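Enquirer: The structure under discussion is supplied below as structure tokens; questions concerning it will follow.
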Amino acid sequence: MMTRDVWGVVLGVLAVSGAANGVWMLVDPAHWYHHLPAGVPDTGPLNAHFVRDIGCAFLVFSGALFWAWRVPRWRTPLVVTTASFYVAHAALHVHDVARGLLTSDHLLLDAWGVYLPAVVTVAAAAAQLRSPMSPEPEGEL
């Protein structure tokens with residue numbers, strides 16, 4: 001009987017969507033800046049280098065999620081690390097709204113691209129930490 005790896009599918013979807021975002025940021029930062037439906041221009045003028053820096057971060061964490069999806073024995077540390085990034089990213093967005101740098105409508109604008117990945121990766125990390133300990137990820141890269 002085959003079991004369904006629901007968290008694996010969720011992590012795979014996050015990996016693909018995060019990687020697509022990261023590639024877009026690297027390939028055409030100005031297009032990403034002006035066309036991402038999240039009001040990015042409200043955060044200040046375009047800095048293409050900075051957009052590409054963050055694109056690199058999205059690619060790295062998407063790679064970690066892809067690895068976690070494909071090699072479940074590595075899932076806990078990879079998902080916890082990725083969740084840490086997404087939670088810090090979300091906290092920064094909340095902080096910018098709280099201190100008045102962004103209007104409160106950004107809480108809704110950022111729901112899908114910032115807050116949802118944070119919530120989902122935290123839930124995935126919690127599920128991994130609650131599950132029975134799996135064998136150490138020896139030699140499986």
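Following the order of the structure tokens, first chain is A, next is B, and so on, with residues numbered from 1 inside each chain and ligands from 1 in the order they appear.
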Check the DSSP output for the backbone and give back, as a PyMOL selection string, the residues of region 22-103 of chain A in helix (DSSP H, G or I).

Expert: chain A and resi 22-27+29-35+40-43+48-70+72-98

Enquirer: For Val27 (chain A), find every residue with an atom within 12 Å (counting only C-alpha atoms), except residues of its own chain fewer than 3 positions away, and show them as an mmCIF file with N, CA and C atoms, in the first residue's frame.

Expert:
data_model
loop_
_atom_site.group_PDB
_atom_site.id
_atom_site.type_symbol
_atom_site.label_atom_id
_atom_site.label_comp_id
_atom_site.auth_asym_id
_atom_site.auth_seq_id
_atom_site.Cartn_x
_atom_site.Cartn_y
_atom_site.Cartn_z
ATOM 1 N N ALA A 19 11.131 29.035 -6.454
ATOM 2 C CA ALA A 19 12.174 29.050 -7.473
ATOM 3 C C ALA A 19 11.760 29.923 -8.655
ATOM 4 N N ALA A 20 10.500 29.846 -9.050
ATOM 5 C CA ALA A 20 10.020 30.691 -10.148
ATOM 6 C C ALA A 20 10.168 32.169 -9.782
ATOM 7 N N ASN A 21 9.820 32.511 -8.558
ATOM 8 C CA ASN A 21 9.970 33.883 -8.092
ATOM 9 C C ASN A 21 11.445 34.286 -8.105
ATOM 10 N N GLY A 22 12.315 33.420 -7.597
ATOM 11 C CA GLY A 22 13.740 33.726 -7.566
ATOM 12 C C GLY A 22 14.332 33.901 -8.953
ATOM 13 N N VAL A 23 13.955 33.040 -9.886
ATOM 14 C CA VAL A 23 14.457 33.156 -11.260
ATOM 15 C C VAL A 23 13.973 34.468 -11.872
ATOM 16 N N TRP A 24 12.701 34.795 -11.663
ATOM 17 C CA TRP A 24 12.160 36.055 -12.180
ATOM 18 C C TRP A 24 12.961 37.241 -11.627
ATOM 19 N N ALA A 30 13.694 44.483 -12.780
ATOM 20 C CA ALA A 30 12.796 45.633 -12.977
ATOM 21 C C ALA A 30 11.373 45.158 -13.275
ATOM 22 N N HIS A 31 11.244 44.131 -14.089
ATOM 23 C CA HIS A 31 9.907 43.597 -14.387
ATOM 24 C C HIS A 31 9.277 43.031 -13.118
ATOM 25 N N TRP A 32 10.059 42.275 -12.333
ATOM 26 C CA TRP A 32 9.560 41.717 -11.068
ATOM 27 C C TRP A 32 9.101 42.843 -10.155
ATOM 28 N N TYR A 33 9.935 43.872 -10.017
ATOM 29 C CA TYR A 33 9.671 45.005 -9.132
ATOM 30 C C TYR A 33 8.364 45.709 -9.486
ATOM 31 N N ALA A 48 18.205 47.001 -8.441
ATOM 32 C CA ALA A 48 18.260 45.724 -9.152
ATOM 33 C C ALA A 48 19.215 44.746 -8.480
ATOM 34 N N HIS A 49 20.326 45.239 -7.961
ATOM 35 C CA HIS A 49 21.265 44.341 -7.287
ATOM 36 C C HIS A 49 20.604 43.703 -6.062
ATOM 37 N N VAL A 51 17.385 43.280 -5.495
ATOM 38 C CA VAL A 51 16.351 42.336 -5.940
ATOM 39 C C VAL A 51 17.010 41.011 -6.314
ATOM 40 N N ARG A 52 18.130 41.068 -7.012
ATOM 41 C CA ARG A 52 18.831 39.838 -7.381
ATOM 42 C C ARG A 52 19.387 39.123 -6.146
ATOM 43 N N ASP A 53 19.880 39.878 -5.166
ATOM 44 C CA ASP A 53 20.341 39.244 -3.923
ATOM 45 C C ASP A 53 19.222 38.425 -3.288
ATOM 46 N N GLY A 55 16.579 37.327 -4.793
ATOM 47 C CA GLY A 55 16.291 36.224 -5.720
ATOM 48 C C GLY A 55 17.187 35.031 -5.435
ATOM 49 N N CYS A 56 18.457 35.301 -5.128
ATOM 50 C CA CYS A 56 19.377 34.210 -4.757
ATOM 51 C C CYS A 56 18.884 33.500 -3.500
#

Enquirer: In terms of the shortest atom-to-atom distance over only C-alpha atoms, which of A:Pro117, A:Ala15, A:Ala123, A:Asp110 is closest to Pro37 (chain A)?

Expert: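 Under the stated criterion, the closest residue is A:Asp110.
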
Enquirer: Considering only C-alpha atoms, can you say which of A:Tyr86, A:Leu129, A:Val97, A:Val119 comes closest to Ser62 (chain A)?

Expert: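 Smallest separation from Ser62 (chain A) among the options: A:Tyr86.
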
Enquirer: Find the residue from A:Thr121, A:Thr43, A:Ser131, A:Ser104 that sits nearest to Thr81 (chain A); use only C-alpha atoms when measuring.

Expert: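 Going through A:Thr121, A:Thr43, A:Ser131, A:Ser104 one by one, the smallest distance to Thr81 (chain A) is for A:Thr121.
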
Enquirer: To one decimal in Å, tell me the separation between CA of Gln128 (chain A) and CA of Trp7 (chain A).

Expert: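 According to the coordinates, CA of Gln128 (chain A) and CA of Trp7 (chain A) are separated by 9.1 Å.
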
Enquirer: Would you kindly return, as a ChimeraX atom specification, each protein, DNA or RNA residue with an atom no farther than 9 Å from any atom of Val114 (chain A), considering only C-alpha atoms and excluding same-chain residues fewer than 4 positions away?

Expert: /A:86-87,89-90,93,109-110,118

Enquirer: Using only C-alpha atoms, pick whichever of A:Ala38, A:Leu26, A:Val9, A:Leu78 has the shortest atom-to-atom distance to Ile54 (chain A).

Expert: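 Nearest to Ile54 (chain A): A:Leu26.
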